[in-house]
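Chemist: I am attaching a structure below and will ask some questions about it afterwards.
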There are 4 protein chains.
Amino acid sequence: MSGSSAAVIGLGYWGPNVLRNIMEIDKFDDVYVHDINDNNLTRNRIKYPRISLTEKYDEILDNDNINCVFICTPPVTHYGLAKEALLKGKNVLIEKPMTVSVKEAEDLIRISEEKSLILMVGHTFEYSPPVEKIKEIIDGGILGDIYFVSMSRINLGIHRKDVSVIWDLATHDFSILFRLIDEMPRKISAVTNSFVKKDLKDVAFINMKYDSGIIANINVSWLSPKKVRETIIVGSKKMLIYDDTMSDEKIKVYDKGVELLKDPDSFGEYQLTYRTGDIYSPVLKSTEPLRIEIEHFLECVSNGTKPRTDGYCGLKVVRAIEAAERSSDKNGEVVEINAG
Amino acid sequence: MSGSSAAVIGLGYWGPNVLRNIMEIDKFDDVYVHDINDNNLTRNRIKYPRISLTEKYDEILDNDNINCVFICTPPVTHYGLAKEALLKGKNVLIEKPMTVSVKEAEDLIRISEEKSLILMVGHTFEYSPPVEKIKEIIDGGILGDIYFVSMSRINLGIHRKDVSVIWDLATHDFSILFRLIDEMPRKISAVTNSFVKKDLKDVAFINMKYDSGIIANINVSWLSPKKVRETIIVGSKKMLIYDDTMSDEKIKVYDKGVELLKDPDSFGEYQLTYRTGDIYSPVLKSTEPLRIEIEHFLECVSNGTKPRTDGYCGLKVVRAIEAAERSSDKNGEVVEINAG
Amino acid sequence: MSGSSAAVIGLGYWGPNVLRNIMEIDKFDDVYVHDINDNNLTRNRIKYPRISLTEKYDEILDNDNINCVFICTPPVTHYGLAKEALLKGKNVLIEKPMTVSVKEAEDLIRISEEKSLILMVGHTFEYSPPVEKIKEIIDGGILGDIYFVSMSRINLGIHRKDVSVIWDLATHDFSILFRLIDEMPRKISAVTNSFVKKDLKDVAFINMKYDSGIIANINVSWLSPKKVRETIIVGSKKMLIYDDTMSDEKIKVYDKGVELLKDPDSFGEYQLTYRTGDIYSPVLKSTEPLRIEIEHFLECVSNGTKPRTDGYCGLKVVRAIEAAERSSDKNGEVVEINAG
Amino acid sequence: MSGSSAAVIGLGYWGPNVLRNIMEIDKFDDVYVHDINDNNLTRNRIKYPRISLTEKYDEILDNDNINCVFICTPPVTHYGLAKEALLKGKNVLIEKPMTVSVKEAEDLIRISEEKSLILMVGHTFEYSPPVEKIKEIIDGGILGDIYFVSMSRINLGIHRKDVSVIWDLATHDFSILFRLIDEMPRKISAVTNSFVKKDLKDVAFINMKYDSGIIANINVSWLSPKKVRETIIVGSKKMLIYDDTMSDEKIKVYDKGVELLKDPDSFGEYQLTYRTGDIYSPVLKSTEPLRIEIEHFLECVSNGTKPRTDGYCGLKVVRAIEAAERSSDKNGEVVEINAG
């Protein structure tokens, strides 16, 4: 295998964070950076004089020393850039959402498998300490059977130019939801509107039903006065709230529940018993999730192991978003998320 | 017209509050109280020795001195009790929800009109100082055009025995929503499930679309760890959050917004400008909403004027709930709220 | 011993709560009520038709059936009323603060002992579930050695007419503090001022030092925009915050701490290690503290046992307040709280 | 005048922030950096390859091109370093606290005046948008006469090695307090203890009295479970809370107050009227205070104008802290803050 250099593609909003972590991890011989905007390049060069800049993607593709490509460009460009990189034999980490269509995602998976290359999606929240802790709590059976999940990700701005608020914000919630619950929802519906700019949905109310009976919803908005990053998970035994805006106490586990008891004195009558117990908030590691994510990618590349957030994981999210968009375009009709 | 006495029907959860206000307002010659549960009667007699108790509804109906009947029984009984009272020539205040079907609600309206009697529905929140203040803010154009409304009314318990969480909790949100925005939503969908007791929906995610483009959602649940009573209203000019769990600052108006500017330097390109300004929280009167509601009813009875929350107002809410239940029973399909 | 009737003296702000609990506990043959304000009497008669009213205290004193007297009048009158009741052989529960001078408190203790009567002080917070839970946590060694306690009890109004904000509000904090920590503080200083009404202190900053090294402070104010009821307790092992304005999570125990480690590699150098762990919030009973307090009093009267908040307990608080007032009058000079 | 280069002395906790701002403002020909710890130097060189490193302070002093020296070392070293720089003709910005004794502070002022050099103290909060806004509100008479100020700055860690929590944290509060209120407090007392490390005070309760009647207190602690950064200011007309931990709504102005009215119907009797009105939270600029501070220093150097936080301003804070420490060492006795 050829050399070990990295290329970061796109230095807009997220790319500089990826670059910073790559520089801090400091495992590559060389780091190349590509952006079509010259200012973005120059600004980062000042910070990291060692990096090599280029405005031509071909220079990245043709450089055999580069074996890892980090794609941090707008979503609509992901497919094209990733495909070319894979075809040139490079391992790829694509920012979320993986692509803007199921077809594109499936194509990338196919190519990566044919070429035996690592294809990973940057679902950063799946590497974050709070989501890891919640996963552990659910898998440990602490919450009991999951009843429902209610998620909100709202605040004022920033409108993206290329994709709707679903592609932009709900991506995070879908990826968290699919990480936490093994089952995929069967049906989805989405009511949305484009208030500020025509044809650019800036608010969406998304509902889901699972075959097992679980229900879930996701509210996303670029138009809300208060920043909310909240997930409520209710199970048969306990309940949990994950509030990502808190500095302390991001997760609270409530020892609360309702039980249905057969009333022995009456025929067929039921009785509900409510339980209210302690609340506890587990301490969380403070490691930066992106750091964990990139280190995981490097490990997968090095060992040839499957990443936790591989192409199939990215595909699931794209599938859910595509279905939500389809429902939204039909005025909120219920749509199947194809199992694919 | 015959005498001026009142009868309170049903002294379970809400009836005692109605009774207390009637006793404090102190405008009736006599106050009668009816409940099929003897304990409920006795308990209240101790508090108010002047009241007359009866376990037989007929004694209320046949008493010509009683001209005002307050129906505070479980929803499924509203129609029967109200109908009989109206037919006996009595003015009626029914607790929310007015009835459990559109047909019932329409029938009560018809009878009250034929008999020229006051038929009022106890949408208490429509008489509450925060909702009144928000109405004033919206009507004053402070928020600009309304974009969307997002409502949550969740907490742990108390499961009702007779009706779903939609009839129980969403009633409040529908009545607030219809008070605040003149237009009725056209389409509705609801995803729900019955987790604790079979056939008793305890969580519901409800989405709505208006012809004008407004979208709205309501989350209700008897199964949530935290008590939430929140309404977010986003308009083209300002945004508002109404948090009814706060003792102070129930309403906050955010001078925030996004505007779309044509970029003069580019052809057809747009530019978004975000505005973040002061937040202000108006002081609210501390009058008990139920007091205002009952005084309004007495005034309407006395002057023969139409109540603000008359039968048509109650009907609108019943229509919305019936549609939400219909959607829920079809797995969340979009359903029309018939204009009727 | 003569009969078993009760008398509630004073029906202003707090008396009606005492009366309500006495009526609910329902252990007395008769309940008498005395107030010099006729309106206060009449208002309560309407609620409790069984009670006997009197505007003359002598009628209470001379009634041998009355063996329990509950004194709920303004603080300056406590001594005179309680003394007369004790001399007439009645058991007495006095509202906090017990008296407005150490001398008065000592005198009441002496009389009650000579007469073998129960003298109890209504330090209601000492019977409240959160304070009980904190006591249990501290006594269980969970917090380790106590380092400091910081208390705030501030809000807008209500100015009392007869006593300063220290007598009015800090009473609660002193009684909680002395319940939680066995040791009495040795030194106290208080900086205060009377902003709204001359000679009526409405803000006080009180500092205390204990012989063992513990320090404590109490901020009280009738002039603060936000209602605060907070106690922070820091120990060598864990830390605790008690926020009485919360409906949920009144107590939070933080598994946080600092430890001083000798650095093995350096001579005499120390190294600090910070520990941040889980936060947990214990569930609390929802019993009304005043109910527990009054039932405790009845039990003590019935069994002749010493109340938990007896005269000596009331005296400690009066001693601390008197010292704080003395300091305040000397511009905040440090003053000894005499052990007495 | 000689050239225009800068030197940053000390690159521990705060120095790198100063350096970053200097690099971003980008007004100096060259930037030199001095630290006795080689690691601190190297780490920053990687970030800013243009800067020149030195482990010898003399090289800074002897370089005539350097006309601005930024002293970011531990407080005990401020005096010596600043004095040498001033004697070498350099303008100096010293981090807070200016020095660790009044004598030192006075000496630096004298030298700077003799040499006609700019001596500024880095009271960063005095340049922060919230403090600026509060100053504007108070000066505009919105709050009326100031009654009292209550300040808390508490959290877990980080213990400094060289100075007490008063020098470390209360410095901020004193500088804010003295900026907001023109009058200096006359008397001060401080109750403290050193819990974790002998002779290193980690908690302090500080009280102050002003000749005009204003009272103030400051609570500082390195040992508190929750981070608090709160200032409550109560005036005769309105009240204000400044909570620096909030991302939104750092400042809230409460239209609340109490007024004393002469009761016309009674002789000499007073009546209190409470007013509760709107709450409003002004929008604040998001500029980094340190940026504003450094730009102000450069402007003063360039124009020869007196900085807003000059040596006298720094001296006031040192005077207050010295008095608080003196009180603390006398077990909390009241001490005069000499006007000097």
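Each chain of the structure tokens is named A, B, ... in the order shown, its residues numbered from 1; ligands are numbered from 1 in display order.
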Pull out every residue of chain C sitting within 6 Å of chain A, counting only C-alpha atoms, and send them as a list in words.
Modeler: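 The answer, sorted by residue number, is Gly277, Asp278, Ile279, Tyr280, Ser281, Pro282 and Val283 of chain C.
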Chemist: I need the residues in range 33-222 of chain C that are strand (DSSP E) according to DSSP; give them as a PyMOL selection string.
Modeler: chain C and resi 33-34+52-54+66-71+91-95+119-122+146-156+187-193+203-209+215-221
Chemist: Which residues, written as a short mmCIF file (atom, residue, chain, number, x, y, z; two decimals) with N, CA and C atoms, in the first residue's frame, have at least one atom at most 9 Å from range 85-91 of chain A, with only C-alpha atoms counted and residues fewer than 6 positions away on the same chain left out?
Modeler:
```cif
data_model
loop_
_atom_site.label_atom_id
_atom_site.label_comp_id
_atom_site.auth_asym_id
_atom_site.auth_seq_id
_atom_site.Cartn_x
_atom_site.Cartn_y
_atom_site.Cartn_z
N ILE A 60 -5.22 16.05 -5.58
CA ILE A 60 -5.44 15.13 -4.45
C ILE A 60 -5.57 13.70 -4.99
N LEU A 61 -6.45 13.58 -6.01
CA LEU A 61 -6.74 12.25 -6.55
C LEU A 61 -5.48 11.57 -7.09
N ASP A 62 -4.65 12.36 -7.74
CA ASP A 62 -3.48 11.78 -8.40
C ASP A 62 -2.29 11.55 -7.47
N ASP A 64 -0.53 9.62 -4.95
CA ASP A 64 -0.60 8.25 -4.41
C ASP A 64 -0.23 8.15 -2.94
N ILE A 66 -1.52 9.98 -0.72
CA ILE A 66 -2.74 10.25 0.06
C ILE A 66 -3.60 9.00 0.07
N ASN A 67 -3.77 8.43 1.28
CA ASN A 67 -4.63 7.25 1.37
C ASN A 67 -5.91 7.49 2.15
N CYS A 68 -6.02 8.69 2.76
CA CYS A 68 -7.23 9.02 3.52
C CYS A 68 -7.78 10.36 3.07
N VAL A 69 -9.05 10.36 2.66
CA VAL A 69 -9.69 11.61 2.21
C VAL A 69 -10.87 11.91 3.11
N PHE A 70 -10.88 13.12 3.62
CA PHE A 70 -11.96 13.58 4.53
C PHE A 70 -12.81 14.58 3.77
N LEU A 108 -21.91 4.21 -3.53
CA LEU A 108 -20.64 4.36 -2.82
C LEU A 108 -20.29 3.09 -2.04
N ILE A 111 -19.00 0.45 -4.50
CA ILE A 111 -17.61 0.70 -4.94
C ILE A 111 -16.61 0.39 -3.84
N SER A 112 -16.93 0.87 -2.62
CA SER A 112 -15.98 0.65 -1.51
C SER A 112 -15.78 -0.84 -1.26
N LYS A 115 -13.64 -2.35 -3.99
CA LYS A 115 -12.25 -1.93 -3.87
C LYS A 115 -11.64 -2.29 -2.51
N SER A 116 -12.45 -2.89 -1.64
CA SER A 116 -11.99 -3.20 -0.28
C SER A 116 -11.39 -1.98 0.42
N LEU A 117 -12.12 -0.89 0.34
CA LEU A 117 -11.66 0.33 1.00
C LEU A 117 -12.60 0.68 2.15
N ILE A 118 -12.06 1.46 3.10
CA ILE A 118 -12.89 1.92 4.22
C ILE A 118 -13.76 3.08 3.73
N LEU A 119 -15.07 2.94 3.96
CA LEU A 119 -16.01 4.05 3.70
C LEU A 119 -16.72 4.30 5.02
N MET A 120 -16.47 5.45 5.57
CA MET A 120 -17.06 5.76 6.89
C MET A 120 -17.82 7.06 6.78
N VAL A 301 -8.75 2.07 9.09
CA VAL A 301 -7.89 2.08 7.91
C VAL A 301 -6.65 1.23 8.18
#
```
Chemist: Can you pull out the residues contacting range 234-238 of chain A? Cut-off 9 Å, using only C-alpha atoms, and skip same-chain residues under 6 positions away; I want them as a PyMOL selection string.
Modeler: (chain A and resi 141-150+253-259) or (chain B and resi 195-196+223-225)
Chemist: Could you list, as JSON, numbers by chain, every residue within 12 Å of Tyr312 in chain A, counting only C-alpha atoms and ignoring same-chain residues fewer than 2 positions away?
Modeler: {"A": [98, 99, 102, 105, 106, 107, 108, 109, 110, 112, 113, 118, 119, 120, 121, 175, 178, 306, 307, 308, 309, 310, 314, 315, 316, 317, 318, 319, 339, 340]}
Chemist: Counting only C-alpha atoms, what is within 10 Å of Gly12 in chain C, bar same-chain residues fewer than 2 positions away, as a CSV table (one decimal) with N, CA, C and O atoms, in the first residue's frame?
Modeler:
```csv
chain,number,residue,atom,x,y,z
C,9,ILE,N,-54.2,30.9,68.4
C,9,ILE,CA,-54.2,32.3,68.7
C,9,ILE,C,-53.6,33.1,67.6
C,9,ILE,O,-52.4,32.9,67.3
C,10,GLY,N,-54.3,33.9,66.9
C,10,GLY,CA,-53.8,34.7,65.8
C,10,GLY,C,-54.1,34.0,64.4
C,10,GLY,O,-53.7,32.9,64.2
C,14,TRP,N,-50.2,32.9,59.0
C,14,TRP,CA,-49.8,31.5,59.3
C,14,TRP,C,-50.9,30.7,60.0
C,14,TRP,O,-51.1,29.5,59.8
C,15,GLY,N,-51.6,31.4,60.9
C,15,GLY,CA,-52.6,30.8,61.8
C,15,GLY,C,-53.6,29.9,61.0
C,15,GLY,O,-53.8,28.8,61.4
C,16,PRO,N,-54.1,30.4,59.9
C,16,PRO,CA,-55.1,29.6,59.1
C,16,PRO,C,-54.5,28.3,58.7
C,16,PRO,O,-55.2,27.3,58.6
C,17,ASN,N,-53.2,28.2,58.4
C,17,ASN,CA,-52.6,26.9,58.0
C,17,ASN,C,-52.5,26.0,59.2
C,17,ASN,O,-52.8,24.8,59.1
C,35,ASP,N,-58.5,36.0,67.9
C,35,ASP,CA,-57.8,37.0,67.2
C,35,ASP,C,-58.4,38.4,67.6
C,35,ASP,O,-59.6,38.4,67.9
C,37,ASN,N,-58.6,40.7,65.6
C,37,ASN,CA,-59.3,41.3,64.4
C,37,ASN,C,-60.5,40.4,64.0
C,37,ASN,O,-60.4,39.3,63.7
C,39,ASN,N,-62.5,40.4,61.5
C,39,ASN,CA,-62.6,39.8,60.2
C,39,ASN,C,-61.9,38.5,60.1
C,39,ASN,O,-62.3,37.6,59.4
C,40,ASN,N,-60.7,38.4,60.7
C,40,ASN,CA,-59.9,37.2,60.6
C,40,ASN,C,-60.8,36.0,61.2
C,40,ASN,O,-60.7,34.9,60.7
C,41,LEU,N,-61.5,36.3,62.3
C,41,LEU,CA,-62.3,35.3,62.9
C,41,LEU,C,-63.4,34.9,62.0
C,41,LEU,O,-63.6,33.7,61.7
C,72,CYS,N,-49.8,31.9,67.1
C,72,CYS,CA,-49.4,32.3,65.7
C,72,CYS,C,-49.5,33.8,65.5
C,72,CYS,O,-49.8,34.3,64.3
C,73,THR,N,-49.3,34.6,66.5
C,73,THR,CA,-49.4,36.0,66.4
C,73,THR,C,-48.0,36.6,66.0
C,73,THR,O,-47.0,35.9,65.9
C,74,PRO,N,-48.0,37.9,65.9
C,74,PRO,CA,-46.7,38.6,65.6
C,74,PRO,C,-45.6,38.3,66.7
C,74,PRO,O,-46.0,38.2,67.9
```
Chemist: Could you jot down the CA of Lys201 in chain D to CA of Val228 in chain D separation for me, Å, one decimal place?
Modeler: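 The value is 18.5 Å.
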Chemist: Have a look at CA of Ile321 in chain C and CA of Ile188 in chain C and let me know their distance in Å, one decimal.
Modeler: 9.5 Å
Chemist: Using CA of Ala6 in chain C and CA of Ile22 in chain C as the two end points, give the distance in Å to one decimal.
Modeler: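 Separation between CA of Ala6 in chain C and CA of Ile22 in chain C: 8.5 Å.
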Chemist: Select from range 162-249 of chain B everything DSSP, run on the backbone, classes as alpha helix (DSSP H), then give the selection as a PyMOL selection string.
Modeler: chain B and resi 165+171-180
Chemist: Would you pick out the contacts of Ser189 in chain A at 6 Å or less, using only C-alpha atoms, so that residues sharing its chain but fewer than 2 positions from it are not included, and give the list as a list in words?
Modeler: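 Neighbouring residues, sequence-local ones excluded: Ile206, Asn207, Ala324, Ser327, Gly332, Glu333 and Val334 of chain A.
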Chemist: Filtering to all heavy atoms, could you give me those residues as a PDB file, in the first residue's frame?
Modeler:
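Listed below is the output, out.pdb:
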```pdb
ATOM      1  N   ILE A 206     -41.596  15.630  12.247  1.00  0.00           N
ATOM      2  CA  ILE A 206     -41.484  14.292  11.675  1.00  0.00           C
ATOM      3  C   ILE A 206     -41.977  13.253  12.679  1.00  0.00           C
ATOM      4  O   ILE A 206     -41.533  13.251  13.830  1.00  0.00           O
ATOM      5  CB  ILE A 206     -39.999  13.995  11.323  1.00  0.00           C
ATOM      6  CG1 ILE A 206     -39.474  15.066  10.360  1.00  0.00           C
ATOM      7  CG2 ILE A 206     -39.847  12.593  10.745  1.00  0.00           C
ATOM      8  CD1 ILE A 206     -37.956  15.044  10.192  1.00  0.00           C
ATOM      9  N   ASN A 207     -42.880  12.379  12.248  1.00  0.00           N
ATOM     10  CA  ASN A 207     -43.377  11.293  13.110  1.00  0.00           C
ATOM     11  C   ASN A 207     -42.992   9.932  12.531  1.00  0.00           C
ATOM     12  O   ASN A 207     -42.952   9.767  11.316  1.00  0.00           O
ATOM     13  CB  ASN A 207     -44.909  11.364  13.227  1.00  0.00           C
ATOM     14  CG  ASN A 207     -45.364  12.559  14.050  1.00  0.00           C
ATOM     15  OD1 ASN A 207     -44.597  13.112  14.825  1.00  0.00           O
ATOM     16  ND2 ASN A 207     -46.613  12.957  13.864  1.00  0.00           N
ATOM     17  N   ALA A 324     -38.726  10.969   4.545  1.00  0.00           N
ATOM     18  CA  ALA A 324     -39.340  12.136   5.178  1.00  0.00           C
ATOM     19  C   ALA A 324     -39.587  13.234   4.155  1.00  0.00           C
ATOM     20  O   ALA A 324     -40.646  13.874   4.139  1.00  0.00           O
ATOM     21  CB  ALA A 324     -38.446  12.651   6.315  1.00  0.00           C
ATOM     22  N   SER A 327     -42.572  12.253   2.068  1.00  0.00           N
ATOM     23  CA  SER A 327     -43.832  12.501   2.791  1.00  0.00           C
ATOM     24  C   SER A 327     -44.143  13.991   2.786  1.00  0.00           C
ATOM     25  O   SER A 327     -45.273  14.408   2.519  1.00  0.00           O
ATOM     26  CB  SER A 327     -43.707  12.000   4.234  1.00  0.00           C
ATOM     27  OG  SER A 327     -44.734  12.535   5.028  1.00  0.00           O
ATOM     28  N   GLY A 332     -47.441  15.503   3.884  1.00  0.00           N
ATOM     29  CA  GLY A 332     -47.399  14.796   5.169  1.00  0.00           C
ATOM     30  C   GLY A 332     -47.967  13.392   5.142  1.00  0.00           C
ATOM     31  O   GLY A 332     -48.122  12.771   6.210  1.00  0.00           O
ATOM     32  N   GLU A 333     -48.237  12.883   3.980  1.00  0.00           N
ATOM     33  CA  GLU A 333     -48.740  11.500   3.907  1.00  0.00           C
ATOM     34  C   GLU A 333     -47.758  10.513   4.531  1.00  0.00           C
ATOM     35  O   GLU A 333     -46.549  10.713   4.476  1.00  0.00           O
ATOM     36  CB  GLU A 333     -48.937  11.098   2.436  1.00  0.00           C
ATOM     37  CG  GLU A 333     -50.361  11.256   1.957  1.00  0.00           C
ATOM     38  CD  GLU A 333     -50.530  10.701   0.553  1.00  0.00           C
ATOM     39  OE1 GLU A 333     -49.883   9.688   0.211  1.00  0.00           O
ATOM     40  OE2 GLU A 333     -51.299  11.314  -0.220  1.00  0.00           O
ATOM     41  N   VAL A 334     -48.298   9.412   5.046  1.00  0.00           N
ATOM     42  CA  VAL A 334     -47.436   8.390   5.635  1.00  0.00           C
ATOM     43  C   VAL A 334     -46.709   7.637   4.523  1.00  0.00           C
ATOM     44  O   VAL A 334     -47.307   7.265   3.515  1.00  0.00           O
ATOM     45  CB  VAL A 334     -48.267   7.398   6.470  1.00  0.00           C
ATOM     46  CG1 VAL A 334     -47.365   6.304   7.030  1.00  0.00           C
ATOM     47  CG2 VAL A 334     -48.985   8.126   7.594  1.00  0.00           C
TER      48      VAL A 334
END
```
